[in-house]
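The structure file work-v6.txt is reproduced below (compact mmCIF, C-alpha atoms).
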# COMPACT_ATOMS: atom_id res chain seq x y z
CA ASN Q 355 19.08 6.34 -3.72
CA ALA Q 356 17.64 5.52 -0.29
CA GLY Q 357 13.95 6.01 -1.20
CA VAL Q 358 11.77 5.83 1.92
CA THR Q 359 13.58 5.06 5.16
CA GLN Q 360 11.78 4.07 8.34
CA THR Q 361 13.17 3.54 11.80
CA PRO Q 362 13.09 1.59 14.02
CA LYS Q 363 12.36 -1.70 12.31
CA PHE Q 364 11.29 -3.42 15.51
CA GLN Q 365 10.10 -1.98 18.81
CA VAL Q 366 8.47 -3.30 21.95
CA LEU Q 367 6.65 -0.80 24.11
CA LYS Q 368 4.86 -0.99 27.39
CA THR Q 369 1.28 0.23 27.60
CA GLY Q 370 1.26 3.95 28.21
CA GLN Q 371 4.70 4.65 26.80
CA SER Q 372 5.14 7.08 23.96
CA MET Q 373 7.42 6.77 20.98
CA THR Q 374 8.09 8.18 17.55
CA LEU Q 375 8.45 6.26 14.32
CA GLN Q 376 10.73 8.12 11.97
CA CYS Q 377 10.22 8.36 8.23
CA ALA Q 378 12.37 10.13 5.67
CA GLN Q 379 12.30 10.21 1.89
CA ASP Q 380 14.85 11.62 -0.54
CA MET Q 381 12.69 11.78 -3.67
CA ASN Q 382 11.29 15.27 -3.07
CA HIS Q 383 7.78 13.86 -2.85
CA GLU Q 384 5.07 16.19 -1.64
CA TYR Q 385 2.79 13.41 -0.42
CA MET Q 386 3.71 11.26 2.56
CA SER Q 387 1.55 8.95 4.60
CA TRP Q 388 1.49 6.40 7.38
CA TYR Q 389 -0.38 3.11 7.15
CA ARG Q 390 -0.88 0.27 9.54
CA GLN Q 391 -1.28 -3.34 8.50
CA ASP Q 392 -3.15 -5.80 10.69
CA PRO Q 393 -3.98 -9.46 10.02
CA GLY Q 394 -7.13 -9.85 7.92
CA MET Q 395 -7.31 -6.16 7.11
CA GLY Q 396 -6.09 -4.09 4.22
CA LEU Q 397 -3.62 -1.27 4.63
CA ARG Q 398 -5.33 1.43 6.67
CA LEU Q 399 -4.35 5.07 6.41
CA ILE Q 400 -3.46 6.75 9.70
CA HIS Q 401 -2.37 10.25 8.67
CA TYR Q 402 -1.07 11.87 5.56
CA SER Q 403 0.57 15.07 4.40
CA VAL Q 404 0.59 16.85 1.06
CA GLY Q 405 3.45 19.17 1.88
CA ALA Q 406 5.49 20.76 4.64
CA GLY Q 407 3.20 22.20 7.27
CA ILE Q 408 0.12 20.37 5.99
CA THR Q 409 -1.25 17.20 7.58
CA ASP Q 410 -4.63 15.50 7.61
CA GLN Q 411 -6.29 12.51 9.18
CA GLY Q 412 -6.79 9.22 7.50
CA GLU Q 413 -9.06 6.34 8.36
CA VAL Q 414 -7.62 5.46 11.80
CA PRO Q 415 -5.95 8.56 13.30
CA ASN Q 416 -6.85 8.14 16.99
CA GLY Q 417 -3.85 7.72 19.27
CA TYR Q 418 -1.38 9.05 16.71
CA ASN Q 419 0.09 12.45 15.93
CA VAL Q 420 2.11 13.60 12.95
CA SER Q 421 3.94 16.70 11.85
CA ARG Q 422 5.63 17.72 8.61
CA SER Q 423 8.23 20.38 9.23
CA THR Q 424 10.24 19.51 6.12
CA THR Q 425 9.49 17.89 2.78
CA GLU Q 426 11.76 14.97 3.67
CA ASP Q 427 10.53 13.94 7.13
CA PHE Q 428 7.18 12.72 8.41
CA PRO Q 429 7.39 11.25 11.93
CA LEU Q 430 4.52 9.34 13.52
CA ARG Q 431 4.07 9.73 17.26
CA LEU Q 432 2.25 7.29 19.49
CA LEU Q 433 1.08 9.38 22.41
CA SER Q 434 0.25 6.65 24.94
CA ALA Q 435 0.74 3.22 23.47
CA ALA Q 436 -2.05 0.68 23.76
CA PRO Q 437 -2.05 -3.05 22.90
CA SER Q 438 -4.47 -2.23 20.04
CA GLN Q 439 -1.62 -0.35 18.40
CA THR Q 440 0.39 -3.52 17.99
CA SER Q 441 0.80 -3.59 14.24
CA VAL Q 442 3.14 -3.22 11.31
CA TYR Q 443 3.50 0.40 10.26
CA PHE Q 444 4.46 1.57 6.79
CA CYS Q 445 5.48 5.00 5.71
CA ALA Q 446 4.85 5.86 2.06
CA SER Q 447 5.42 8.73 -0.31
CA SER Q 448 4.58 9.83 -3.82
CA PHE Q 449 4.37 12.92 -5.94
CA GLU Q 450 1.20 14.82 -5.15
CA GLY Q 451 -1.41 15.37 -7.79
CA VAL Q 452 -2.98 12.75 -10.00
CA SER Q 453 -3.82 9.36 -8.61
CA GLY Q 454 -1.64 7.70 -11.23
CA ASN Q 455 1.54 8.49 -9.31
CA THR Q 456 3.46 5.50 -7.99
CA ILE Q 457 3.62 5.12 -4.21
CA TYR Q 458 6.90 4.15 -2.60
CA PHE Q 459 6.89 2.36 0.73
CA GLY Q 460 9.37 2.09 3.54
CA GLU Q 461 10.37 -1.33 4.82
CA GLY Q 462 7.96 -1.31 7.72
CA SER Q 463 8.18 -1.00 11.48
CA TRP Q 464 6.98 -3.89 13.62
CA LEU Q 465 5.58 -2.54 16.86
CA THR Q 466 4.44 -4.63 19.80
CA VAL Q 467 2.70 -3.04 22.78
CA VAL Q 468 2.60 -5.20 25.89
CA ILE H 1003 -19.17 2.23 1.22
CA LEU H 1004 -16.43 1.99 -1.37
CA ASN H 1005 -14.66 -1.32 -1.45
CA VAL H 1006 -11.92 -3.07 -3.33
CA GLU H 1007 -12.29 -6.83 -3.58
CA GLN H 1008 -9.56 -9.21 -4.57
CA SER H 1009 -9.99 -12.85 -5.47
CA PRO H 1010 -8.98 -15.44 -4.76
CA GLN H 1011 -7.74 -14.74 -1.24
CA SER H 1012 -4.92 -17.25 -1.71
CA LEU H 1013 -3.54 -19.40 -4.44
CA HIS H 1014 -1.09 -22.29 -4.54
CA VAL H 1015 0.42 -23.19 -7.91
CA GLN H 1016 3.28 -25.30 -9.17
CA GLU H 1017 6.38 -23.80 -10.69
CA GLY H 1018 5.75 -23.18 -14.36
CA ASP H 1019 1.99 -22.75 -14.04
CA SER H 1020 0.40 -19.59 -15.30
CA THR H 1021 -2.08 -17.91 -13.04
CA ASN H 1022 -4.29 -14.89 -12.73
CA PHE H 1023 -6.28 -13.06 -10.12
CA THR H 1024 -8.82 -10.30 -9.97
CA CYS H 1025 -9.29 -6.89 -8.43
CA SER H 1026 -12.84 -5.49 -8.45
CA PHE H 1027 -13.61 -1.86 -7.75
CA PRO H 1028 -16.49 0.60 -8.17
CA SER H 1029 -16.60 1.63 -11.81
CA SER H 1030 -17.99 5.13 -11.37
CA ASN H 1031 -15.61 8.12 -11.41
CA PHE H 1032 -12.55 6.03 -12.11
CA TYR H 1033 -9.16 7.67 -11.80
CA ALA H 1034 -6.52 4.99 -11.47
CA LEU H 1035 -5.83 1.49 -10.25
CA HIS H 1036 -2.61 0.48 -8.53
CA TRP H 1037 -1.09 -3.01 -8.35
CA TYR H 1038 1.61 -3.78 -5.79
CA ARG H 1039 3.65 -6.83 -4.97
CA TRP H 1040 4.36 -7.47 -1.30
CA GLU H 1041 6.88 -10.07 -0.24
CA THR H 1042 6.93 -11.22 3.36
CA ALA H 1043 9.08 -9.00 5.58
CA LYS H 1044 9.57 -6.47 2.79
CA SER H 1045 7.76 -3.34 1.71
CA PRO H 1046 5.03 -3.26 -0.96
CA GLU H 1047 6.56 -2.57 -4.35
CA ALA H 1048 4.70 -0.97 -7.22
CA LEU H 1049 3.97 -3.15 -10.23
CA PHE H 1050 1.58 -1.07 -12.31
CA VAL H 1051 -0.50 2.06 -12.13
CA MET H 1052 -3.27 1.89 -14.69
CA THR H 1053 -5.41 4.78 -15.78
CA LEU H 1054 -7.03 4.02 -19.14
CA ASN H 1055 -9.88 1.63 -19.92
CA GLY H 1056 -8.53 -1.25 -21.95
CA ASP H 1057 -5.00 -0.55 -20.76
CA GLU H 1058 -2.64 -3.49 -20.68
CA LYS H 1059 0.73 -3.28 -18.94
CA LYS H 1060 3.55 -5.78 -18.77
CA LYS H 1061 6.61 -6.25 -16.60
CA GLY H 1062 8.55 -9.39 -17.43
CA ARG H 1063 6.24 -12.35 -16.88
CA ILE H 1064 3.62 -10.25 -15.13
CA SER H 1065 0.91 -8.36 -16.97
CA ALA H 1066 -2.29 -6.59 -16.06
CA THR H 1067 -5.44 -5.51 -17.86
CA LEU H 1068 -8.02 -2.94 -16.91
CA ASN H 1069 -11.76 -2.65 -17.55
CA THR H 1070 -13.02 0.56 -15.98
CA LYS H 1071 -16.56 0.22 -17.34
CA GLU H 1072 -17.21 -3.03 -15.52
CA GLY H 1073 -14.85 -2.29 -12.64
CA TYR H 1074 -12.20 -4.98 -12.69
CA SER H 1075 -8.53 -5.57 -13.36
CA TYR H 1076 -6.75 -8.87 -13.94
CA LEU H 1077 -3.17 -9.62 -13.00
CA TYR H 1078 -1.54 -12.46 -14.93
CA ILE H 1079 1.68 -14.29 -14.13
CA LYS H 1080 3.04 -16.47 -16.89
CA GLY H 1081 5.20 -19.44 -15.94
CA SER H 1082 5.16 -18.81 -12.18
CA GLN H 1083 8.45 -19.08 -10.34
CA PRO H 1084 9.05 -19.54 -6.59
CA GLU H 1085 10.29 -15.94 -6.43
CA ASP H 1086 6.81 -14.81 -7.51
CA SER H 1087 5.49 -15.96 -4.13
CA ALA H 1088 4.07 -12.83 -2.53
CA THR H 1089 0.85 -11.03 -1.77
CA TYR H 1090 -0.47 -8.97 -4.66
CA LEU H 1091 -2.39 -5.87 -3.62
CA CYS H 1092 -4.56 -3.53 -5.60
CA ALA H 1093 -5.71 -0.05 -4.58
CA PHE H 1094 -7.73 2.78 -6.03
CA PRO H 1095 -8.66 6.32 -4.99
CA PRO H 1096 -12.17 7.07 -3.72
CA TYR H 1097 -14.70 8.32 -6.25
CA ASN H 1098 -14.26 11.94 -5.25
CA ALA H 1099 -10.47 12.01 -5.24
CA GLY H 1100 -8.25 12.00 -8.26
CA ASN H 1101 -5.17 11.66 -6.13
CA ASN H 1102 -3.32 9.22 -3.89
CA ARG H 1103 -4.30 10.84 -0.62
CA LYS H 1104 -6.74 8.22 0.63
CA LEU H 1105 -6.33 5.14 -1.49
CA ILE H 1106 -8.59 2.21 -0.72
CA TRP H 1107 -6.66 -1.04 -0.51
CA GLY H 1108 -7.76 -4.59 -1.15
CA LEU H 1109 -6.82 -7.44 1.20
CA GLY H 1110 -4.60 -8.96 -1.45
CA THR H 1111 -4.17 -12.32 -3.13
CA SER H 1112 -1.50 -14.44 -1.48
CA LEU H 1113 0.36 -16.49 -4.09
CA ALA H 1114 2.56 -19.45 -3.19
CA VAL H 1115 4.55 -21.07 -5.97
CA ASN H 1116 5.79 -24.54 -5.17
CA PRO H 1117 9.10 -25.60 -6.75
Encoding of this model in structure tokens:
Amino acid sequence: NAGVTQTPKFQVLKTGQSMTLQCAQDMNHEYMSWYRQDPGMGLRLIHYSVGAGITDQGEVPNGYNVSRSTTEDFPLRLLSAAPSQTSVYFCASSFEGVSGNTIYFGEGSWLTVV
Amino acid sequence: ILNVEQSPQSLHVQEGDSTNFTCSFPSSNFYALHWYRWETAKSPEALFVMTLNGDEKKKGRISATLNTKEGYSYLYIKGSQPEDSATYLCAFPPYNAGNNRKLIWGLGTSLAVNP
């Protein structure tokens, strides 16, 4: 059981480049999300989705796009990378519905923008 | 502004010590409180999801209690081991959301257990 799989694990980008962080889950979860983790700050929600074809913005959506064409996949696109997007990114999923559902995280993607 | 506060920010204990830390959250319109364990270079891993006032959950040497009326949860580790070294996060949904969509996360308590 793979759970939540994120790729790549590490990436260095130049300012202005674009890239996509991939996320896939095999638990048939409706809810998927992307967080970023920065020193001294809690996990901050970038975008989330509650099902195929449905996405919504989180707390810090600027500079990022998402799409949800299938239940399994939820890629995060950086449109034009900036040094402020240097961070650790986590994809997460859970069953939709009540807030008591456990959230499962991917292993993280370390992104550096130079 | 809704906020989750965790204390202490960091903790150093000796192997075998028991320890506890706190997560404080707004008590109105409570839905659930999540506890996660986050080891360096790994992904956060769920420990407990608590929904009922007075709830107490246990997983091995780790247990948690919940007081929704006063807005706090305690996480206890009995007989700490070096492998317990991690950051312990709590999170809860905003007052108007009974779902996981926009959880609010604390900054965590960083625990270091010295052998």
request  = Work out how far CA of Gly1108 (chain H) is from CA of Leu397 (chain Q), in Å to one decimal.
outcome  =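 Computing the Euclidean distance for CA of Leu397 (chain Q) and CA of Gly1108 (chain H) yields 7.8 Å.
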query = What is the CA of Val1006 (chain H) to CA of Pro1028 (chain H) distance in Å?
reply =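 Between CA of Val1006 (chain H) and CA of Pro1028 (chain H) the gap works out to 7.6 Å.
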At most 8 Å to chain H: residues in chain Q, all atoms listed in the file, as a ChimeraX atom specification = /Q:385,394-399,402,404,412,444,448,450-462
ask   = To one decimal place, how far is CA of Gln1008 (chain H) from CA of Cys1025 (chain H) in Å?
value =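 Between CA of Gln1008 (chain H) and CA of Cys1025 (chain H) the gap is 4.5 Å.
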message = Need to verify the contact set: Gln371 (chain Q), 10 Å, only C-alpha atoms, exclusion of same-chain residues closer than 5 positions in sequence. Can you return it as a VMD selection string?
response = chain Q and resid 432 to 436 467
Write out the residues from the selection above, keeping C-alpha atoms, as a short mmCIF file (atom, residue, chain, number, x, y, z; two decimals), keeping the file's coordinate frame.
data_model
loop_
_atom_site.label_atom_id
_atom_site.label_comp_id
_atom_site.auth_asym_id
_atom_site.auth_seq_id
_atom_site.Cartn_x
_atom_site.Cartn_y
_atom_site.Cartn_z
CA LEU Q 432 2.25 7.29 19.49
CA LEU Q 433 1.08 9.38 22.41
CA SER Q 434 0.25 6.65 24.94
CA ALA Q 435 0.74 3.22 23.47
CA ALA Q 436 -2.05 0.68 23.76
CA VAL Q 467 2.70 -3.04 22.78
#
Minimum-distance residue to Ser447 (chain Q), chosen among Q:Lys368, Q:Glu426, Q:Val468, Q:Asp410 (using all atoms listed in the file) = Q:Glu426
inquiry  = I'd like the neighbourhood of Ser1065 (chain H) as a list of chain:residue names, where a residue qualifies if any of its atoms comes within 10 Å (using all atoms listed in the file), though same-chain residues fewer than 3 positions away should be ignored.
reply    = H:Asn1022, H:Leu1049, H:Phe1050, H:Glu1058, H:Lys1059, H:Lys1060, H:Lys1061, H:Gly1062, H:Tyr1076, H:Leu1077, H:Tyr1078, H:Ile1079, H:Lys1080
Grab the residues selected above and save them as a compact mmCIF listing (two decimals), in the frame of the given file with C-alpha atoms.
# COMPACT_ATOMS: atom_id res chain seq x y z
CA ASN H 1022 -4.29 -14.89 -12.73
CA LEU H 1049 3.97 -3.15 -10.23
CA PHE H 1050 1.58 -1.07 -12.31
CA GLU H 1058 -2.64 -3.49 -20.68
CA LYS H 1059 0.73 -3.28 -18.94
CA LYS H 1060 3.55 -5.78 -18.77
CA LYS H 1061 6.61 -6.25 -16.60
CA GLY H 1062 8.55 -9.39 -17.43
CA TYR H 1076 -6.75 -8.87 -13.94
CA LEU H 1077 -3.17 -9.62 -13.00
CA TYR H 1078 -1.54 -12.46 -14.93
CA ILE H 1079 1.68 -14.29 -14.13
CA LYS H 1080 3.04 -16.47 -16.89
message = Can you tell me which residues surround Pro1010 (chain H) at a distance of at most 9 Å, considering only C-alpha atoms, apart from same-chain residues fewer than 3 positions away, and format the answer as a list in words?
response =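 Near Pro1010 (chain H), the qualifying residues are Leu1013, Phe1023, Thr1024, Gly1110, Thr1111 and Ser1112 of chain H.
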ask   = Quick one: residues within 12 Å of Val366 (chain Q), only C-alpha atoms counted, chain neighbours fewer than 6 positions away excluded, as a list in words?
value =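 My reading of the contact set: Ser372, Met373, Ala435, Ala436, Pro437, Gln439, Thr440, Ser441, Val442, Ser463, Trp464, Leu465, Thr466, Val467 and Val468 of chain Q.
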May I have the residues from that selection written out with C-alpha atoms, as an mmCIF file, in the frame of the given file?
data_model
loop_
_atom_site.group_PDB
_atom_site.id
_atom_site.type_symbol
_atom_site.label_atom_id
_atom_site.label_comp_id
_atom_site.auth_asym_id
_atom_site.auth_seq_id
_atom_site.Cartn_x
_atom_site.Cartn_y
_atom_site.Cartn_z
ATOM 1 C CA SER Q 372 5.140 7.080 23.960
ATOM 2 C CA MET Q 373 7.420 6.770 20.980
ATOM 3 C CA ALA Q 435 0.740 3.220 23.470
ATOM 4 C CA ALA Q 436 -2.050 0.680 23.760
ATOM 5 C CA PRO Q 437 -2.050 -3.050 22.900
ATOM 6 C CA GLN Q 439 -1.620 -0.350 18.400
ATOM 7 C CA THR Q 440 0.390 -3.520 17.990
ATOM 8 C CA SER Q 441 0.800 -3.590 14.240
ATOM 9 C CA VAL Q 442 3.140 -3.220 11.310
ATOM 10 C CA SER Q 463 8.180 -1.000 11.480
ATOM 11 C CA TRP Q 464 6.980 -3.890 13.620
ATOM 12 C CA LEU Q 465 5.580 -2.540 16.860
ATOM 13 C CA THR Q 466 4.440 -4.630 19.800
ATOM 14 C CA VAL Q 467 2.700 -3.040 22.780
ATOM 15 C CA VAL Q 468 2.600 -5.200 25.890
#
request  = Please provide as a ChimeraX atom specification all residues within 9 Å of Gly405 (chain Q), with the sequence filter that same-chain residues fewer than 4 positions apart are discarded (counting only C-alpha atoms).
outcome  = /Q:383-386,409,422-425,450
Around region 361-372 of chain Q, fit a box with edges along x, y and z, padding it by 3 Å on each side, then list its centre and edge lengths in Å to one decimal as JSON.
{"center_x": 7.2, "center_y": 1.8, "center_z": 20.0, "size_x": 17.9, "size_y": 16.5, "size_z": 22.4}
